[in-house]
Amino acid sequence: MWRKKIDRIIPKVREEIENPSPDVSRIDNHDIFVLCQYLRGLGIPKNIDEDQLEDIFYHCYEQLEDILLDEDGDTLSEDEAWSQFIEVWPKIRIPKGFSFQKAVDKAKKMDTPLEIEIFSDERLILLGKVCYQLQLMVGDGLFWLSGYDAGKILGISQPRARRFLKTLVDQEILELVKSGNRRKASEYRYLPALEYEARTLDDTLGLDL
């Protein structure tokens, strides 16, 4: 099952590798970086078992071998590509396909996670679901969310939205990892990490844990 889902993104990976934007093309290990971004965008967590990660890599390498190049334009050997892959994989912070609106849309359609069912306020439940979806998008990394954006989602004031976020933190559903300021949103982690990672692998890729 997971091979079919990865196969669907391979044409997009190939297109972006062959036609890089000017900014991205200057990144070291560009081709492998693009591949990792797309794979993380499927919801594969950063700390996936290395044997599973290796299976995924070689499945992709077989289809992209002809276009994976190093900084000098030479074709990457299988060993070189794998070495770059395991170096780049944990450094991906923003997976391909990360979209705030996509998280909101998915949150409105999903079932309520057990840890959020303790709330009766539908707006707080929706905010919890959005945070859940944002976490899925970044794997086991951190996601950004401001009181302003939370307020827009819920149709409430920014101060009240901040209080809602604080409630999720107080209930140990969210961890506030880094407080924001006027120019940068706060960074959070959805704490039931082991649970969402397992769901991500099972439901998104169909891998056996």
# chains A, B, ... in the order shown; residues from 1 in each chain; ligands from 1

call {"tool": "select_by_dssp", "arguments": {"residues": "region 65-175 of chain A", "states": "helix (DSSP H, G or I)", "output": "number ranges by chain"}}
result
A: 78-91, 100-109, 114-116, 122-138, 147-154, 158-170

call {"tool": "write_last_selection", "arguments": {"atoms": "C-alpha atoms", "output": "CSV table (one decimal), in the first residue's frame"}}
result
chain,number,residue,atom,x,y,z
A,78,GLU,CA,23.3,4.4,-4.6
A,79,ASP,CA,25.6,4.6,-1.5
A,80,GLU,CA,26.2,8.4,-2.0
A,81,ALA,CA,22.4,9.0,-2.3
A,82,TRP,CA,21.7,7.0,0.8
A,83,SER,CA,24.4,8.8,2.8
A,84,GLN,CA,22.9,12.2,1.8
A,85,PHE,CA,19.4,11.0,2.5
A,86,ILE,CA,20.0,10.0,6.1
A,87,GLU,CA,21.9,13.3,6.6
A,88,VAL,CA,19.1,15.4,5.2
A,89,TRP,CA,16.1,13.5,6.5
A,90,PRO,CA,16.2,14.8,10.2
A,91,LYS,CA,16.8,18.3,9.0
A,100,PHE,CA,-2.5,26.1,7.2
A,101,GLN,CA,-5.8,26.1,5.3
A,102,LYS,CA,-5.4,22.4,4.5
A,103,ALA,CA,-5.0,21.7,8.2
A,104,VAL,CA,-8.2,23.6,8.9
A,105,ASP,CA,-10.1,21.8,6.2
A,106,LYS,CA,-9.0,18.4,7.4
A,107,ALA,CA,-9.7,19.3,11.0
A,108,LYS,CA,-13.4,20.1,10.2
A,109,LYS,CA,-13.8,16.6,8.7
A,114,LEU,CA,-9.9,11.2,22.6
A,115,GLU,CA,-7.7,13.8,24.3
A,116,ILE,CA,-9.9,16.6,23.0
A,122,GLU,CA,-16.9,23.4,19.9
A,123,ARG,CA,-14.4,26.2,19.1
A,124,LEU,CA,-11.9,24.8,21.5
A,125,ILE,CA,-12.4,21.3,20.0
A,126,LEU,CA,-11.9,22.7,16.5
A,127,LEU,CA,-8.7,24.4,17.6
A,128,GLY,CA,-7.4,21.1,19.1
A,129,LYS,CA,-8.2,19.3,15.8
A,130,VAL,CA,-6.3,22.0,13.8
A,131,CYS,CA,-3.3,21.6,16.0
A,132,TYR,CA,-3.5,17.8,15.6
A,133,GLN,CA,-3.5,18.2,11.8
A,134,LEU,CA,-0.6,20.7,11.9
A,135,GLN,CA,1.4,18.2,13.8
A,136,LEU,CA,0.7,15.5,11.3
A,137,MET,CA,2.0,17.8,8.6
A,138,VAL,CA,5.3,18.5,10.3
A,147,GLY,CA,-3.1,33.9,18.5
A,148,TYR,CA,-4.1,35.9,15.4
A,149,ASP,CA,-4.5,32.9,13.2
A,150,ALA,CA,-6.2,30.9,15.9
A,151,GLY,CA,-8.7,33.7,16.3
A,152,LYS,CA,-9.4,33.8,12.6
A,153,ILE,CA,-10.1,30.1,12.5
A,154,LEU,CA,-12.5,30.3,15.4
A,158,GLN,CA,-6.9,37.3,19.5
A,159,PRO,CA,-6.7,37.5,23.3
A,160,ARG,CA,-9.4,34.9,23.6
A,161,ALA,CA,-7.7,32.6,21.1
A,162,ARG,CA,-4.5,32.9,23.1
A,163,ARG,CA,-6.5,31.7,26.2
A,164,PHE,CA,-7.8,28.8,24.2
A,165,LEU,CA,-4.3,27.8,23.2
A,166,LYS,CA,-3.2,28.2,26.9
A,167,THR,CA,-6.0,25.8,27.8
A,168,LEU,CA,-4.6,23.2,25.4
A,169,VAL,CA,-1.2,23.7,27.0
A,170,ASP,CA,-2.5,23.5,30.5

call {"tool": "select_by_dssp", "arguments": {"residues": "region 25-167 of chain A", "states": "strand (DSSP E or B)", "output": "PyMOL selection string"}}
result
chain A and resi 69+75+143-145

call {"tool": "write_last_selection", "arguments": {"atoms": "N, CA and C atoms", "output": "compact mmCIF listing (two decimals), in the first residue's frame"}}
result
# COMPACT_ATOMS: atom_id res chain seq x y z
N LEU A 69 21.55 14.08 -8.74
CA LEU A 69 22.90 14.56 -9.02
C LEU A 69 23.51 15.19 -7.78
N THR A 75 26.11 12.06 -11.43
CA THR A 75 25.07 11.17 -10.92
C THR A 75 25.47 10.58 -9.58
N PHE A 143 5.23 22.99 15.06
CA PHE A 143 4.42 23.79 14.14
C PHE A 143 4.20 25.18 14.74
N TRP A 144 3.99 26.14 13.84
CA TRP A 144 3.78 27.52 14.24
C TRP A 144 2.29 27.82 14.28
N LEU A 145 1.87 28.57 15.29
CA LEU A 145 0.47 29.01 15.36
C LEU A 145 0.40 30.26 16.23

call {"tool": "atom_distance", "arguments": {"atom1": "CA of Arg40 (chain A)", "atom2": "CA of Ile173 (chain A)"}}
result
22.8 Å

call {"tool": "residues_around", "arguments": {"residues": "Leu64 (chain A)", "least_positions_apart": "4", "cutoff": "12 Å", "atoms": "only C-alpha atoms", "output": "number ranges by chain"}}
result
A: 7, 9-18, 31-32, 34-35, 57-60, 68-69, 75-78, 81

call {"tool": "closest_residue", "arguments": {"among": "A:Thr112, A:Asn29, A:Ser146, A:Gln63", "to": "Ile6 (chain A)", "atoms": "only C-alpha atoms"}}
result
A:Gln63

call {"tool": "closest_residue", "arguments": {"among": "A:Ala185, A:Cys36, A:Leu42, A:Ile156", "to": "Ile92 (chain A)", "atoms": "only C-alpha atoms"}}
result
A:Cys36

call {"tool": "residues_around", "arguments": {"residues": "region 174-179 of chain A", "least_positions_apart": "5", "cutoff": "7 Å", "atoms": "only C-alpha atoms", "output": "compact mmCIF listing (two decimals) with N, CA and C atoms, in the first residue's frame"}}
result
# COMPACT_ATOMS: atom_id res chain seq x y z
N LEU A 168 -5.18 24.40 26.02
CA LEU A 168 -4.63 23.17 25.45
C LEU A 168 -3.26 22.85 26.04
N VAL A 169 -2.50 23.90 26.34
CA VAL A 169 -1.19 23.70 26.98
C VAL A 169 -1.38 23.23 28.42
N SER A 186 4.20 31.62 17.85
CA SER A 186 4.73 30.65 18.81
C SER A 186 4.86 29.28 18.15
N GLU A 187 5.76 28.47 18.70
CA GLU A 187 5.98 27.12 18.18
C GLU A 187 5.46 26.10 19.20
N TYR A 188 4.71 25.14 18.69
CA TYR A 188 4.07 24.15 19.55
C TYR A 188 4.39 22.73 19.09
N ARG A 189 4.11 21.81 19.99
CA ARG A 189 4.14 20.38 19.67
C ARG A 189 2.87 19.76 20.25
N TYR A 190 2.20 18.93 19.44
CA TYR A 190 1.03 18.21 19.92
C TYR A 190 1.54 17.00 20.70
N LEU A 191 1.28 16.96 22.00
CA LEU A 191 2.01 16.05 22.88
C LEU A 191 1.75 14.55 22.70

call {"tool": "closest_residue", "arguments": {"among": "A:Asn47, A:His30, A:Asn19, A:Trp2", "to": "Asp72 (chain A)", "atoms": "only C-alpha atoms"}}
result
A:His30

call {"tool": "atom_distance", "arguments": {"atom1": "CA of Pro113 (chain A)", "atom2": "CA of Gln171 (chain A)"}}
result
13.9 Å
